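A short worksheet on the structure shown next.
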Amino acid sequence: MNDSSWGAPPQAGYWGPSDQGPVQGVAPAGPTYDAPEAQQTRPMPIVPDEPAYGGHQDDDRGAARLSGPLFRDETQQPPYDVRQPQPYDPRTQPSDTPQATPYGAVPQNPEPMSDVPPPAPAPQKKSAGRDLGAAIGVGVGLAVVIVASLFVVKAAFVGVIAVAVVVGLWELTSRLQERKGIKAPLVPLAVGGAAMVVAGYVRGPEGAWVAMALTALAVLVWRMTEPPEGYLKDVTAGVFAAFYVPFLATFVALMLTADDGAWRVLTFLLLTVVSDTGAYAIGWRFGTHKLAPRISPGKTREGLFGAVSFAMVAGALCMQFLIDDGSWWQGLVLGLAVAASATLGDLGESMIKRDLGIKDMGTLLPGHGGIMDRLDSLLPTAPVVWLLLVLFVGSG
């Protein structure tokens, strides 16, 4: 046996199995590579400190994993997926194995995407923001009550006005107290408001003014029964409420006192409703330019144009066919004035509600809100219609 089979020629200085000194031709007892002269041997490959597959050194399950290369000169290959062919690689695939694509790999020459654009999203339908079914049902019910009381017994319609005034005052004073801490006295306001409507129907404008003055005085006195803190703001809010709700509503009772009073009141109601309907219909369909975005973002200039157009046409028809001695051109003027006053009244209450931080004054009428949300355009329109009718055809 050749001595060079150990990987190096025998060298002096190695000890044999005995202590008699070095023995020629005998393999050393210690490791061959401890000698400094053994430089011709090929170094062993360096083994990484951690297993290639990230597992424990004693865990041989990593051999079945494909998370790392087996040798240092190999690149890591992801798992395979037979959905796409790949060039043959003799290091990883035998010659009779079908070509495969690594799972999740991006093909070198991907197919061009289709030119067909994705389907457009369905258009969003405009919403009225309220339950239209409930709103229409409540509106029809109110119209039946109003028409029945208006043409059967006028005094019954005066009672309808008084009830609406009391409920409106309750809603307004309640919201003022809840949102601003203002305690406008409701009792003198409710009693004085109802008396104001009756006085206007019985005694005319003079009776309405006297009832208004007495109601304001009652508010001042009633509030004296409580501590003085907040007295000024409470009585100011009370006088405002007395003017805003019952005093303006008294002009409806004044219209009713004429011989054709029922038709005058019906004209007043129709024009106001038509104006609001025209503003809603045209503004909802064509409205793009805001009318008063800081007060009421939903109102548009196109809606105002719709209100004026609808009200003028309705005014011409009502003055020509419903009012004694009326003329169509007077109806045009009346319709224009109603559209302006109804819009301003709506904006005025929107300003109040925005200051209070609320959407509706109440929830009594489903689909409408509260009574005050229906009286907002009617109240400031009543004195305008009463005055123009008196100028056009007289008070009789």
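For the structure tokens, the naming scheme is as follows: chains receive sequential letters (A, B, ...) according to their order of presentation, residues are indexed from 1 within each chain, and ligands are indexed from 1 in presentation order.
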DSSP-assigned strand (DSSP E) members of range 240-329 of chain A, reported as a PyMOL selection string: chain A and resi 290-292+296-300
Which residue is closest to Asp360 in chain A? Choose from A:Leu142, A:Gly137, A:Glu171, A:Val265 and count only C-alpha atoms.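 Using only C-alpha atoms, the shortest distance to Asp360 in chain A belongs to A:Glu171.
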Neighbour list for range 182-199 of chain A as a list in words, cut-off 6 Å, only C-alpha atoms, skip fewer than 3 positions in-chain: Ala162, Val166, Thr173, Leu176, Gln177, Val202, Arg203, Gly207, Ala208, Ala211, Thr215, Ala218, Val219, Asp234, Ala237, Gly238, Pro246 and Thr250 of chain A
Selection file, C-alpha atoms, as a PDB file, in the first residue's frame:
ATOM      1  CA  ALA A 162    -105.074  77.960  16.004  1.00  0.00           C
ATOM      2  CA  VAL A 166     -99.961  76.192  19.215  1.00  0.00           C
ATOM      3  CA  THR A 173     -89.715  76.844  22.149  1.00  0.00           C
ATOM      4  CA  LEU A 176     -84.700  76.747  21.692  1.00  0.00           C
ATOM      5  CA  GLN A 177     -84.495  75.301  25.186  1.00  0.00           C
ATOM      6  CA  VAL A 202    -113.409  88.480  14.498  1.00  0.00           C
ATOM      7  CA  ARG A 203    -112.042  92.039  14.793  1.00  0.00           C
ATOM      8  CA  GLY A 207    -107.842  92.958  16.845  1.00  0.00           C
ATOM      9  CA  ALA A 208    -104.707  91.153  15.667  1.00  0.00           C
ATOM     10  CA  ALA A 211    -103.709  90.612  20.724  1.00  0.00           C
ATOM     11  CA  THR A 215     -99.210  88.529  24.218  1.00  0.00           C
ATOM     12  CA  ALA A 218     -97.860  88.513  29.063  1.00  0.00           C
ATOM     13  CA  VAL A 219     -94.483  87.044  28.093  1.00  0.00           C
ATOM     14  CA  ASP A 234     -85.848  84.531  27.246  1.00  0.00           C
ATOM     15  CA  ALA A 237     -87.100  84.866  22.160  1.00  0.00           C
ATOM     16  CA  GLY A 238     -90.705  84.879  23.401  1.00  0.00           C
ATOM     17  CA  PRO A 246     -99.190  83.385  15.480  1.00  0.00           C
ATOM     18  CA  THR A 250    -103.335  85.744  11.616  1.00  0.00           C
TER      19      THR A 250
END
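Ranking A:Leu336, A:Met319, A:Ala242, A:Val273 by their shortest atom-to-atom distance to Arg374 in chain A, with only C-alpha atoms included, puts A:Val273 first.
Using only C-alpha atoms for every distance, the candidate list A:Gly200, A:Gly367, A:Gly331, A:Gly298 yields A:Gly331 as the residue closest to Cys318 in chain A.
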